[in-house]
file start-v4.cif (mmCIF, C-alpha atoms and all ligand atoms)
data_entry
#
loop_
_atom_site.label_atom_id
_atom_site.label_comp_id
_atom_site.auth_asym_id
_atom_site.auth_seq_id
_atom_site.Cartn_x
_atom_site.Cartn_y
_atom_site.Cartn_z
CA MET Y 2 35.16 -64.34 -16.35
CA CYS Y 3 33.51 -64.05 -19.80
CA ASN Y 4 30.27 -62.03 -19.75
CA LYS Y 5 28.32 -64.55 -21.82
CA ASN Y 6 28.77 -67.21 -19.19
CA ASN Y 7 27.70 -64.95 -16.35
CA PHE Y 8 24.09 -65.40 -17.44
CA LEU Y 9 24.32 -69.18 -17.22
CA ALA Y 10 26.29 -68.99 -13.97
CA ALA Y 11 23.54 -66.81 -12.45
CA ILE Y 12 20.81 -69.15 -13.71
CA GLU Y 13 22.67 -72.18 -12.39
CA GLY Y 14 23.15 -70.57 -8.99
CA ASN Y 15 26.94 -70.32 -9.27
CA ASP Y 16 29.08 -67.33 -8.35
CA HIS Y 17 29.33 -64.76 -11.11
CA GLU Y 18 31.61 -61.78 -11.16
CA LYS Y 19 29.56 -59.58 -13.50
CA VAL Y 20 25.83 -58.90 -13.35
CA PRO Y 21 24.23 -60.36 -16.50
CA VAL Y 22 21.67 -58.40 -18.50
CA TRP Y 23 19.17 -59.01 -21.34
CA PHE Y 24 16.01 -57.29 -22.64
CA MET Y 25 12.71 -58.50 -24.03
CA ARG Y 26 11.87 -56.48 -27.16
CA GLN Y 27 8.19 -57.43 -27.35
CA ALA Y 28 6.49 -54.82 -29.53
CA GLY Y 29 9.65 -52.73 -29.26
CA ARG Y 30 11.13 -52.99 -32.71
CA TYR Y 31 14.07 -50.79 -31.89
CA LEU Y 32 16.77 -52.30 -34.10
CA PRO Y 33 16.98 -51.01 -37.71
CA LYS Y 34 18.41 -54.37 -38.79
CA TYR Y 35 15.23 -56.04 -37.51
CA HIS Y 36 13.13 -53.95 -39.92
CA GLU Y 37 15.47 -54.94 -42.75
CA LEU Y 38 15.15 -58.64 -41.94
CA ARG Y 39 11.36 -58.40 -41.68
CA LYS Y 40 10.92 -56.91 -45.17
CA ASN Y 41 7.22 -56.25 -44.54
CA ARG Y 42 6.57 -59.84 -43.60
CA SER Y 43 4.23 -60.44 -40.64
CA ILE Y 44 5.47 -62.14 -37.49
CA MET Y 45 3.52 -65.24 -38.62
CA GLU Y 46 5.37 -65.40 -41.94
CA ILE Y 47 8.76 -64.84 -40.31
CA THR Y 48 8.33 -67.56 -37.72
CA LEU Y 49 7.92 -70.08 -40.56
CA ASP Y 50 11.48 -69.21 -41.63
CA PRO Y 51 14.00 -70.60 -39.06
CA ASN Y 52 16.99 -68.82 -40.63
CA THR Y 53 15.44 -65.38 -40.18
CA VAL Y 54 14.19 -66.27 -36.68
CA GLU Y 55 17.71 -67.31 -35.74
CA GLU Y 56 19.20 -64.11 -37.18
CA ILE Y 57 16.69 -61.81 -35.45
CA SER Y 58 17.17 -63.65 -32.15
CA TYR Y 59 20.92 -63.04 -32.18
CA LEU Y 60 20.75 -59.30 -33.07
CA PRO Y 61 20.64 -57.88 -29.51
CA VAL Y 62 23.75 -59.85 -28.49
CA ASN Y 63 25.65 -58.50 -31.47
CA GLU Y 64 24.34 -54.94 -31.47
CA ILE Y 65 23.52 -54.18 -27.82
CA GLY Y 66 25.91 -56.51 -25.97
CA VAL Y 67 23.36 -58.36 -23.82
CA ASP Y 68 24.40 -61.68 -22.25
CA ALA Y 69 21.58 -63.86 -23.59
CA SER Y 70 19.10 -64.04 -26.47
CA ILE Y 71 15.39 -64.73 -26.41
CA ILE Y 72 14.04 -66.77 -29.30
CA PHE Y 73 11.89 -64.72 -31.67
CA SER Y 74 8.29 -65.92 -31.45
CA ASP Y 75 5.08 -64.82 -29.70
CA ILE Y 76 3.06 -66.25 -26.82
CA LEU Y 77 -0.04 -66.53 -29.03
CA LEU Y 78 1.28 -68.44 -32.04
CA PRO Y 79 0.48 -71.89 -30.53
CA VAL Y 80 -3.25 -71.07 -30.30
CA GLU Y 81 -3.67 -71.57 -34.06
CA THR Y 82 -2.90 -75.26 -33.49
CA MET Y 83 -5.64 -75.28 -30.80
CA GLY Y 84 -8.30 -74.22 -33.32
CA PHE Y 85 -8.17 -70.41 -32.94
CA THR Y 86 -7.72 -68.00 -35.84
CA LEU Y 87 -5.01 -65.47 -35.08
CA HIS Y 88 -3.78 -62.38 -36.83
CA TYR Y 89 -1.69 -59.36 -35.80
CA GLU Y 90 -3.10 -55.90 -36.35
CA ASP Y 91 -0.73 -52.94 -36.50
CA GLY Y 92 -1.00 -50.87 -33.36
CA LYS Y 93 -3.40 -53.32 -31.73
CA GLY Y 94 -1.35 -56.51 -31.39
CA PRO Y 95 -2.80 -60.01 -31.58
CA MET Y 96 -6.48 -60.55 -32.46
CA ILE Y 97 -8.43 -63.83 -32.43
CA SER Y 98 -11.55 -63.82 -34.61
CA ASN Y 99 -13.18 -66.95 -33.18
CA SER Y 100 -12.64 -66.15 -29.48
CA VAL Y 101 -14.69 -67.88 -26.79
CA LEU Y 102 -16.84 -64.76 -26.29
CA SER Y 103 -17.50 -64.48 -30.04
CA GLY Y 104 -19.44 -67.76 -29.76
CA GLN Y 105 -17.75 -69.02 -32.91
CA ASN Y 106 -15.49 -71.60 -31.31
CA SER Y 107 -17.26 -74.65 -29.98
CA LYS Y 108 -14.25 -76.82 -29.24
CA ILE Y 109 -10.67 -76.20 -28.13
CA MET Y 110 -8.31 -78.73 -29.68
CA ASP Y 111 -5.45 -80.40 -27.81
CA TYR Y 112 -2.12 -78.80 -28.58
CA GLU Y 113 0.18 -81.05 -30.63
CA PRO Y 114 3.76 -79.73 -30.92
CA ALA Y 115 4.29 -81.80 -34.09
CA ALA Y 116 1.32 -80.03 -35.72
CA ASP Y 117 2.46 -76.49 -34.80
CA PRO Y 118 4.21 -74.86 -37.78
CA TYR Y 119 5.25 -71.87 -35.64
CA LEU Y 120 7.05 -73.88 -32.91
CA PRO Y 121 10.60 -72.51 -33.09
CA VAL Y 122 12.49 -75.78 -32.61
CA GLU Y 123 14.43 -75.63 -35.89
CA ALA Y 124 15.41 -72.02 -35.17
CA VAL Y 125 16.57 -73.00 -31.65
CA ARG Y 126 18.74 -75.78 -33.11
CA LEU Y 127 20.22 -73.41 -35.69
CA PHE Y 128 20.90 -70.79 -33.03
CA LYS Y 129 22.69 -73.22 -30.71
CA SER Y 130 24.75 -74.66 -33.57
CA ARG Y 131 25.82 -71.17 -34.73
CA HIS Y 132 26.26 -69.62 -31.27
CA PRO Y 133 26.92 -72.48 -28.83
CA SER Y 134 28.24 -70.18 -26.09
CA THR Y 135 25.31 -67.72 -26.17
CA PRO Y 136 22.59 -68.62 -23.68
CA LEU Y 137 19.18 -68.90 -25.34
CA ILE Y 138 15.88 -68.24 -23.59
CA GLY Y 139 12.77 -70.12 -24.75
CA PHE Y 140 9.34 -68.95 -23.61
CA CYS Y 141 5.59 -69.31 -23.40
CA GLY Y 142 2.74 -67.22 -22.02
CA GLY Y 143 1.36 -67.86 -18.57
CA PRO Y 144 -1.85 -69.90 -18.80
CA VAL Y 145 -4.20 -67.13 -17.66
CA THR Y 146 -2.50 -64.58 -19.93
CA VAL Y 147 -2.86 -66.79 -23.02
CA ALA Y 148 -6.39 -67.83 -21.97
CA SER Y 149 -7.41 -64.16 -21.67
CA TYR Y 150 -6.74 -63.63 -25.41
CA LEU Y 151 -8.66 -66.83 -26.27
CA ILE Y 152 -11.60 -65.59 -24.20
CA LYS Y 153 -11.78 -61.93 -25.26
CA GLY Y 154 -10.11 -62.20 -28.67
CA GLU Y 155 -7.73 -59.32 -27.91
CA SER Y 156 -5.80 -57.79 -25.01
CA ASP Y 157 -7.61 -58.16 -21.68
CA GLY Y 158 -4.89 -56.59 -19.54
CA ASP Y 159 -7.06 -56.10 -16.45
CA LEU Y 160 -8.60 -59.57 -17.02
CA ALA Y 161 -12.09 -58.02 -16.83
CA ALA Y 162 -13.56 -60.34 -19.50
CA THR Y 163 -11.62 -63.31 -18.15
CA ARG Y 164 -12.70 -62.74 -14.53
CA SER Y 165 -16.27 -62.25 -15.67
CA LEU Y 166 -16.20 -65.68 -17.37
CA MET Y 167 -14.60 -67.14 -14.22
CA TYR Y 168 -17.62 -65.90 -12.17
CA ARG Y 169 -20.33 -66.73 -14.71
CA LYS Y 170 -19.09 -70.02 -16.14
CA PRO Y 171 -16.41 -71.48 -13.85
CA ASP Y 172 -16.46 -74.84 -15.67
CA VAL Y 173 -15.76 -73.22 -19.04
CA TYR Y 174 -12.98 -71.08 -17.49
CA ARG Y 175 -11.36 -74.13 -15.88
CA ARG Y 176 -11.58 -76.18 -19.10
CA ILE Y 177 -9.81 -73.44 -21.06
CA LEU Y 178 -7.14 -73.06 -18.37
CA ARG Y 179 -6.52 -76.83 -18.37
CA HIS Y 180 -6.08 -76.91 -22.14
CA VAL Y 181 -3.76 -73.92 -22.18
CA THR Y 182 -1.66 -75.16 -19.23
CA ASP Y 183 -1.11 -78.54 -20.89
CA ALA Y 184 -0.22 -76.80 -24.16
CA MET Y 185 2.31 -74.50 -22.46
CA ILE Y 186 4.01 -77.50 -20.80
CA LEU Y 187 4.46 -79.23 -24.17
CA LEU Y 188 5.65 -76.01 -25.77
CA LEU Y 189 8.32 -75.41 -23.13
CA LYS Y 190 9.50 -79.02 -23.17
CA SER Y 191 9.90 -78.87 -26.97
CA GLN Y 192 12.03 -75.72 -26.73
CA ILE Y 193 14.18 -77.20 -23.96
CA SER Y 194 14.68 -80.44 -25.95
CA ALA Y 195 15.73 -78.35 -28.96
CA GLY Y 196 18.46 -76.63 -26.89
CA CYS Y 197 17.09 -73.63 -24.93
CA ASP Y 198 19.13 -73.07 -21.77
CA VAL Y 199 16.27 -71.60 -19.76
CA VAL Y 200 12.59 -70.82 -20.31
CA GLN Y 201 10.62 -67.75 -19.26
CA ILE Y 202 6.90 -67.88 -18.54
CA PHE Y 203 5.38 -64.48 -19.43
CA ASP Y 204 2.30 -64.16 -17.24
CA SER Y 205 1.86 -60.47 -17.98
CA TRP Y 206 -1.75 -60.10 -16.82
CA ALA Y 207 -1.74 -62.48 -13.79
CA GLY Y 208 -1.33 -59.49 -11.44
CA SER Y 209 -4.95 -58.51 -12.18
CA MET Y 210 -6.14 -61.44 -10.07
CA SER Y 211 -7.07 -61.14 -6.42
CA ARG Y 212 -4.98 -63.12 -3.95
CA ASP Y 213 -7.64 -65.79 -3.69
CA GLN Y 214 -8.06 -66.08 -7.49
CA PHE Y 215 -4.33 -66.36 -7.93
CA GLN Y 216 -4.10 -69.04 -5.26
CA GLN Y 217 -6.71 -71.18 -7.05
CA TYR Y 218 -4.93 -70.55 -10.35
CA ARG Y 219 -1.52 -71.41 -8.88
CA GLU Y 220 -2.66 -74.59 -7.17
CA ASN Y 221 -4.76 -75.93 -10.05
CA PHE Y 222 -2.77 -74.86 -13.10
CA LEU Y 223 0.36 -72.72 -12.85
CA SER Y 224 2.28 -75.01 -10.45
CA ASP Y 225 1.89 -77.89 -12.91
CA ILE Y 226 4.26 -76.11 -15.26
CA PHE Y 227 7.06 -75.96 -12.70
CA THR Y 228 6.45 -79.53 -11.54
CA GLU Y 229 6.63 -80.75 -15.14
CA LEU Y 230 9.78 -78.73 -15.83
CA GLY Y 231 11.58 -80.64 -13.07
CA SER Y 232 15.21 -79.55 -12.92
CA SER Y 233 15.00 -77.37 -16.08
CA ARG Y 234 15.70 -73.70 -15.37
CA SER Y 235 12.75 -71.30 -15.45
CA ILE Y 236 11.93 -67.61 -14.96
CA TYR Y 237 8.41 -66.54 -13.98
CA PHE Y 238 7.48 -63.00 -15.09
CA SER Y 239 4.37 -61.08 -14.08
CA THR Y 240 3.36 -57.42 -13.73
CA SER Y 241 1.44 -55.56 -11.00
CA SER Y 242 1.90 -58.64 -8.84
CA TRP Y 243 3.41 -57.20 -5.65
CA HIS Y 244 0.33 -58.30 -3.66
CA LEU Y 245 1.08 -61.89 -4.73
CA VAL Y 246 4.72 -62.07 -3.70
CA ASP Y 247 4.24 -64.59 -0.89
CA GLN Y 248 2.57 -66.92 -3.41
CA LEU Y 249 5.06 -66.29 -6.22
CA LYS Y 250 7.80 -67.49 -3.84
CA GLU Y 251 6.11 -70.88 -3.59
CA LEU Y 252 5.89 -71.49 -7.35
CA GLY Y 253 9.20 -73.31 -7.67
CA ALA Y 254 10.52 -71.09 -10.48
CA THR Y 255 14.31 -70.80 -10.59
CA PHE Y 256 14.01 -67.01 -10.98
CA LEU Y 257 11.25 -64.48 -10.31
CA SER Y 258 11.10 -61.51 -12.68
CA MET Y 259 9.29 -58.46 -11.28
CA ASP Y 260 8.12 -55.29 -13.01
CA TRP Y 261 9.21 -51.72 -12.23
CA ARG Y 262 6.44 -51.20 -9.68
CA SER Y 263 8.11 -53.66 -7.30
CA ASP Y 264 10.85 -53.06 -4.76
CA LEU Y 265 13.08 -55.87 -6.01
CA SER Y 266 15.80 -55.57 -3.35
CA SER Y 267 13.28 -56.08 -0.55
CA LEU Y 268 12.92 -59.67 -1.83
CA ILE Y 269 16.57 -60.49 -1.06
CA GLY Y 270 16.54 -63.09 1.69
CA VAL Y 271 12.73 -63.30 1.44
CA VAL Y 272 12.48 -65.59 -1.60
CA ARG Y 273 13.37 -69.24 -1.05
CA SER Y 274 17.07 -69.88 -0.76
CA GLY Y 275 18.44 -70.53 -4.26
CA THR Y 276 15.69 -68.54 -6.02
CA GLY Y 277 17.12 -65.83 -8.28
CA LEU Y 278 15.65 -62.39 -9.00
CA GLN Y 279 15.35 -60.54 -12.31
CA GLY Y 280 14.38 -56.94 -13.09
CA ASN Y 281 13.35 -54.18 -13.00
CA LEU Y 282 14.17 -50.84 -14.69
CA ASP Y 283 11.09 -48.91 -15.79
CA PRO Y 284 11.15 -49.16 -19.63
CA VAL Y 285 9.92 -45.56 -19.78
CA LEU Y 286 13.20 -44.46 -18.20
CA SER Y 287 15.15 -45.73 -21.20
CA GLN Y 288 13.35 -43.00 -23.16
CA SER Y 289 13.61 -40.30 -20.52
CA GLY Y 290 17.11 -38.89 -20.87
CA SER Y 291 20.37 -40.56 -20.08
CA GLN Y 292 21.01 -39.04 -16.63
CA ALA Y 293 17.78 -40.27 -15.05
CA CYS Y 294 18.22 -43.65 -16.71
CA GLU Y 295 21.81 -44.04 -15.51
CA THR Y 296 20.94 -42.99 -11.95
CA GLU Y 297 18.12 -45.53 -11.69
CA THR Y 298 20.16 -48.30 -13.37
CA ARG Y 299 22.93 -47.77 -10.80
CA ARG Y 300 20.46 -47.61 -7.92
CA ILE Y 301 18.94 -50.96 -8.93
CA VAL Y 302 22.28 -52.74 -9.45
CA ASP Y 303 23.71 -51.30 -6.20
CA SER Y 304 20.66 -52.52 -4.31
CA MET Y 305 20.94 -56.04 -5.82
CA LEU Y 306 24.65 -56.75 -5.31
CA ASP Y 307 23.98 -58.92 -2.25
CA GLN Y 308 21.65 -61.18 -4.22
CA ASP Y 309 23.55 -64.17 -5.61
CA GLY Y 310 21.29 -65.12 -8.51
CA TYR Y 311 20.54 -61.75 -10.10
CA ILE Y 312 19.86 -60.77 -13.74
CA PHE Y 313 19.39 -57.12 -14.69
CA ASN Y 314 16.38 -56.59 -16.95
CA LEU Y 315 13.75 -54.02 -17.75
CA GLY Y 316 10.58 -54.23 -15.69
CA HIS Y 317 8.77 -55.10 -18.98
CA GLY Y 318 9.79 -55.06 -22.67
CA VAL Y 319 11.71 -52.44 -24.63
CA LEU Y 320 9.25 -49.77 -25.79
CA PRO Y 321 8.96 -49.02 -29.51
CA GLY Y 322 11.20 -46.14 -30.55
CA THR Y 323 13.77 -46.68 -27.79
CA ASP Y 324 17.24 -45.54 -28.88
CA PRO Y 325 19.52 -48.60 -29.19
CA GLY Y 326 22.36 -46.37 -27.91
CA THR Y 327 20.57 -45.95 -24.57
CA LEU Y 328 20.22 -49.73 -24.25
CA ARG Y 329 23.94 -50.12 -25.04
CA ASP Y 330 24.71 -47.57 -22.30
CA ILE Y 331 22.57 -49.50 -19.81
CA VAL Y 332 24.41 -52.74 -20.64
CA ASN Y 333 27.80 -51.04 -20.22
CA ILE Y 334 26.80 -49.56 -16.85
CA VAL Y 335 25.60 -52.96 -15.57
CA HIS Y 336 28.75 -54.68 -16.86
CA SER Y 337 30.99 -52.09 -15.19
CA TYR Y 338 30.11 -53.60 -11.80
CA SER Y 339 32.35 -56.28 -10.31
CA ARG Y 340 31.18 -58.31 -7.36
O1 LIG E 1 3.63 -58.19 -36.68
C1 LIG E 1 3.91 -57.58 -35.63
O2 LIG E 1 4.11 -56.39 -35.60
C2 LIG E 1 4.05 -58.42 -34.40
C3 LIG E 1 4.80 -57.73 -33.37
C4 LIG E 1 5.15 -58.65 -32.25
C5 LIG E 1 6.36 -59.29 -32.03
C6 LIG E 1 7.59 -59.21 -32.87
C7 LIG E 1 4.27 -59.04 -31.24
C8 LIG E 1 2.87 -58.57 -31.14
N1 LIG E 1 4.96 -59.89 -30.41
C9 LIG E 1 6.24 -60.09 -30.84
C10 LIG E 1 7.31 -60.94 -30.32
C11 LIG E 1 7.27 -61.36 -28.88
N2 LIG E 1 6.20 -61.42 -28.04
C12 LIG E 1 8.39 -61.82 -28.16
C13 LIG E 1 9.72 -62.08 -28.83
C14 LIG E 1 10.93 -61.97 -28.07
C15 LIG E 1 11.71 -60.74 -28.35
O3 LIG E 1 11.97 -60.50 -29.53
O4 LIG E 1 12.08 -60.06 -27.40
C16 LIG E 1 7.97 -62.08 -26.83
C17 LIG E 1 8.79 -62.55 -25.66
C18 LIG E 1 6.57 -61.84 -26.78
C19 LIG E 1 5.76 -62.07 -25.58
C20 LIG E 1 4.38 -61.54 -25.51
N3 LIG E 1 3.49 -61.37 -26.54
C21 LIG E 1 3.72 -61.17 -24.32
C22 LIG E 1 4.31 -61.30 -22.96
C23 LIG E 1 5.18 -60.14 -22.61
C24 LIG E 1 4.50 -58.81 -22.50
O5 LIG E 1 4.73 -57.98 -23.38
O6 LIG E 1 3.73 -58.59 -21.56
C25 LIG E 1 2.43 -60.72 -24.65
C26 LIG E 1 1.37 -60.21 -23.71
C27 LIG E 1 2.28 -60.84 -26.06
C28 LIG E 1 1.11 -60.50 -26.87
C29 LIG E 1 1.45 -59.49 -27.89
N4 LIG E 1 2.02 -59.80 -29.08
C30 LIG E 1 2.25 -58.64 -29.81
C31 LIG E 1 1.80 -57.54 -29.01
C32 LIG E 1 1.85 -56.11 -29.43
C33 LIG E 1 1.33 -58.08 -27.80
C34 LIG E 1 0.82 -57.34 -26.62
C35 LIG E 1 -0.48 -56.69 -26.94
C36 LIG E 1 -1.29 -56.45 -25.70
O7 LIG E 1 -1.02 -55.47 -24.97
O8 LIG E 1 -2.18 -57.25 -25.49
#
call {"tool": "encode", "arguments": {"input": "start-v4.cif", "output": "structure tokens"}}
result
Amino acid sequence: MCNKNNFLAAIEGNDHEKVPVWFMRQAGRYLPKYHELRKNRSIMEITLDPNTVEEISYLPVNEIGVDASIIFSDILLPVETMGFTLHYEDGKGPMISNSVLSGQNSKIMDYEPAADPYLPVEAVRLFKSRHPSTPLIGFCGGPVTVASYLIKGESDGDLAATRSLMYRKPDVYRRILRHVTDAMILLLKSQISAGCDVVQIFDSWAGSMSRDQFQQYRENFLSDIFTELGSSRSIYFSTSSWHLVDQLKELGATFLSMDWRSDLSSLIGVVRSGTGLQGNLDPVLSQSGSQACETETRRIVDSMLDQDGYIFNLGHGVLPGTDPGTLRDIVNIVHSYSR
């Protein structure tokens, strides 16, 4: 069976001989060709250029041998269309100058896909016309993760500012979450209509919620995304979320993607029948010498061979400075397994 199709077979719940693999490169600009294509342009400038977005998106398939591409974009680009002013600061990541806590934003605007210059629909169409057999992953941020940047104006990884607003001004918190959830639904639907084969919801900071907070969040907001997606294929990613596993199972995502802190194989037979699992090599290991990395890669794949829908992935994104050769080695090890 051709490797490229193993990703789609896994996503569709069909038998696949080889274990598929892909990596998110968020903030991990590890490919020299990527730097060449960027030519000192910011992510915001590049995403206005569908040809470059398409080219960057395909690089890891060509150079690393992964089984699927993720479209080049960022979870925060849509917030400009909602009335927030975004820029990316080297070494700090995304910054929003008129955040909710800055007191400079009185009104959140409804998200309109047609008004969003950064929406990568043209790039998705180009990608699928140039590489019809390469699976393409579209994405958005999880509502609370995106909302946390709108609230604090920068990374709020432990959700301290976001949880504080939730306690002090629950109505304001809920209004923001409603706006963001509705925006994320439109964003995902646009990418699916343009040709993405699957979408991933990156809810990186959701694991900083208590079980009760997450339950409220899931019931009132997050579940709406999966209901609205209907039969479209989806992957839900979160970090530090082991205490939420029994709730993650109920989301209705096609796949659950767990970080390196989780014992992924213990979820086999625990998640709903038909739910796939993705993960979860510690990204730090891909910078820690090839022997340790190979041993852990093999341990994870060995432990996941009984899981039908399984995609090998890092437990988060590729770290900056990671050697592309190590990533190629990981892909080759995963592909050397036959089921
Ligand atoms: O100009 C620049 O240097 C921008 C660099 C950059 C890029 C290229 C950022 C800043 N994000 C991205 C692309 C990106 N972001 C992708 C593209 C897909 C790929 O190429 O693999 C994806 C999937 C994301 C998703 C994303 N952005 C998440 C969720 C995943 C995660 O890392 O937890 C989050 C939290 C962001 C916010 C963000 N954008 C950029 C940075 C450095 C960050 C994180 C900063 C923080 O810790 O708050």
call {"tool": "atom_distance", "arguments": {"input": "start-v4.cif", "atom1": "atom CA of Y:Phe73", "atom2": "atom CA of Y:Pro51"}}
result
9.7 Å
call {"tool": "residues_near_ligand", "arguments": {"input": "start-v4.cif", "ligand": "ligand LIG 1 (chain E)", "cutoff": "7 Å", "atoms": "all atoms listed in the file", "output": "JSON list (two decimals) with C-alpha atoms, keeping the file's coordinate frame"}}
result
[["chain", "number", "residue", "atom", "x", "y", "z"],
["Y", 24, "PHE", "CA", 16.01, -57.29, -22.64],
["Y", 25, "MET", "CA", 12.71, -58.50, -24.03],
["Y", 26, "ARG", "CA", 11.87, -56.48, -27.16],
["Y", 27, "GLN", "CA", 8.19, -57.43, -27.35],
["Y", 28, "ALA", "CA", 6.49, -54.82, -29.53],
["Y", 43, "SER", "CA", 4.23, -60.44, -40.64],
["Y", 44, "ILE", "CA", 5.47, -62.14, -37.49],
["Y", 58, "SER", "CA", 17.17, -63.65, -32.15],
["Y", 71, "ILE", "CA", 15.39, -64.73, -26.41],
["Y", 72, "ILE", "CA", 14.04, -66.77, -29.30],
["Y", 73, "PHE", "CA", 11.89, -64.72, -31.67],
["Y", 74, "SER", "CA", 8.29, -65.92, -31.45],
["Y", 75, "ASP", "CA", 5.08, -64.82, -29.70],
["Y", 76, "ILE", "CA", 3.06, -66.25, -26.82],
["Y", 77, "LEU", "CA", -0.04, -66.53, -29.03],
["Y", 89, "TYR", "CA", -1.69, -59.36, -35.80],
["Y", 91, "ASP", "CA", -0.73, -52.94, -36.50],
["Y", 93, "LYS", "CA", -3.40, -53.32, -31.73],
["Y", 94, "GLY", "CA", -1.35, -56.51, -31.39],
["Y", 95, "PRO", "CA", -2.80, -60.01, -31.58],
["Y", 140, "PHE", "CA", 9.34, -68.95, -23.61],
["Y", 142, "GLY", "CA", 2.74, -67.22, -22.02],
["Y", 146, "THR", "CA", -2.50, -64.58, -19.93],
["Y", 155, "GLU", "CA", -7.73, -59.32, -27.91],
["Y", 156, "SER", "CA", -5.80, -57.79, -25.01],
["Y", 157, "ASP", "CA", -7.61, -58.16, -21.68],
["Y", 158, "GLY", "CA", -4.89, -56.59, -19.54],
["Y", 203, "PHE", "CA", 5.38, -64.48, -19.43],
["Y", 204, "ASP", "CA", 2.30, -64.16, -17.24],
["Y", 205, "SER", "CA", 1.86, -60.47, -17.98],
["Y", 317, "HIS", "CA", 8.77, -55.10, -18.98],
["Y", 318, "GLY", "CA", 9.79, -55.06, -22.67]]
call {"tool": "closest_residue", "arguments": {"input": "start-v4.cif", "among": "Y:Met185, Y:Leu38, Y:Tyr150, Y:Met305", "to": "Y:Leu87", "atoms": "all atoms listed in the file"}}
result
Y:Tyr150
call {"tool": "atom_distance", "arguments": {"input": "start-v4.cif", "atom1": "atom CA of Y:Arg169", "atom2": "atom CA of Y:Phe227"}}
result
29.0 Å
call {"tool": "residues_around", "arguments": {"input": "start-v4.cif", "residues": "Y:Ser233", "least_positions_apart": "3", "cutoff": "9 Å", "atoms": "all atoms listed in the file", "output": "JSON list (two decimals) with C-alpha atoms, keeping the file's coordinate frame"}}
result
[["chain", "number", "residue", "atom", "x", "y", "z"],
["Y", 193, "ILE", "CA", 14.18, -77.20, -23.96],
["Y", 198, "ASP", "CA", 19.13, -73.07, -21.77],
["Y", 199, "VAL", "CA", 16.27, -71.60, -19.76],
["Y", 200, "VAL", "CA", 12.59, -70.82, -20.31],
["Y", 227, "PHE", "CA", 7.06, -75.96, -12.70],
["Y", 230, "LEU", "CA", 9.78, -78.73, -15.83],
["Y", 255, "THR", "CA", 14.31, -70.80, -10.59]]
call {"tool": "residues_around", "arguments": {"input": "start-v4.cif", "residues": "Y:Leu268", "least_positions_apart": "5", "cutoff": "10 Å", "atoms": "only C-alpha atoms", "output": "PyMOL selection string"}}
result
chain Y and resi 246+250+257+263+273+277-278+305+308
call {"tool": "residues_near_point", "arguments": {"input": "start-v4.cif", "point": "(22.5, -57.9, -17.8)", "cutoff": "10 Å", "atoms": "only C-alpha atoms", "output": "list of chain:residue names"}}
result
Y:Asn4, Y:Lys5, Y:Asn7, Y:Phe8, Y:Lys19, Y:Val20, Y:Pro21, Y:Val22, Y:Trp23, Y:Phe24, Y:Gly66, Y:Val67, Y:Asp68, Y:Ala69, Y:Gln279, Y:Gly280, Y:Val302, Y:Tyr311, Y:Ile312, Y:Phe313, Y:Asn314, Y:Leu315, Y:Ile331, Y:Val332, Y:Asn333, Y:Ile334, Y:Val335, Y:His336
call {"tool": "closest_residue", "arguments": {"input": "start-v4.cif", "among": "Y:Ser239, Y:Thr296, Y:Ser130, Y:Ser274", "to": "Y:Met259", "atoms": "all atoms listed in the file"}}
result
Y:Ser239
call {"tool": "axis_aligned_box", "arguments": {"input": "start-v4.cif", "around": "stretch 149-166 of chain Y", "padding_each_side": "5 Å", "output": "JSON"}}
result
{"center_x": -10.6, "center_y": -61.5, "center_z": -21.6, "size_x": 21.4, "size_y": 20.7, "size_z": 24.1}
call {"tool": "atom_distance", "arguments": {"input": "start-v4.cif", "atom1": "atom CA of Y:Thr228", "atom2": "atom CA of Y:Leu249"}}
result
14.3 Å
call {"tool": "residues_near_point", "arguments": {"input": "start-v4.cif", "point": "(12.2, -48.2, -14.2)", "cutoff": "10 Å", "atoms": "only C-alpha atoms", "output": "ChimeraX atom specification"}}
result
/Y:260-263,280-287,293-294,297-298,301,314-317
call {"tool": "closest_residue", "arguments": {"input": "start-v4.cif", "among": "Y:Glu13, Y:Glu18, Y:Asp309, Y:Asp213", "to": "Y:Ser339", "atoms": "only C-alpha atoms"}}
result
Y:Glu18
call {"tool": "decode", "arguments": {"input": "start-v4.cif", "residues": "stretch 32-50 of chain Y", "atoms": "C-alpha atoms", "output": "CSV table (one decimal), in the first residue's frame"}}
result
chain,number,residue,atom,x,y,z
Y,32,LEU,CA,13.9,23.6,7.0
Y,33,PRO,CA,16.5,25.8,5.3
Y,34,LYS,CA,14.2,26.0,2.2
Y,35,TYR,CA,11.6,27.6,4.5
Y,36,HIS,CA,13.9,30.4,5.3
Y,37,GLU,CA,14.7,30.9,1.6
Y,38,LEU,CA,11.0,31.1,0.8
Y,39,ARG,CA,10.3,33.5,3.6
Y,40,LYS,CA,12.9,36.1,2.4
Y,41,ASN,CA,12.4,38.1,5.6
Y,42,ARG,CA,8.7,38.4,5.1
Y,43,SER,CA,6.5,38.1,8.2
Y,44,ILE,CA,4.0,35.3,8.5
Y,45,MET,CA,1.3,37.9,7.9
Y,46,GLU,CA,2.8,38.9,4.6
Y,47,ILE,CA,3.4,35.3,3.5
Y,48,THR,CA,-0.1,34.2,4.1
Y,49,LEU,CA,-1.3,36.8,1.7
Y,50,ASP,CA,0.6,35.0,-1.0
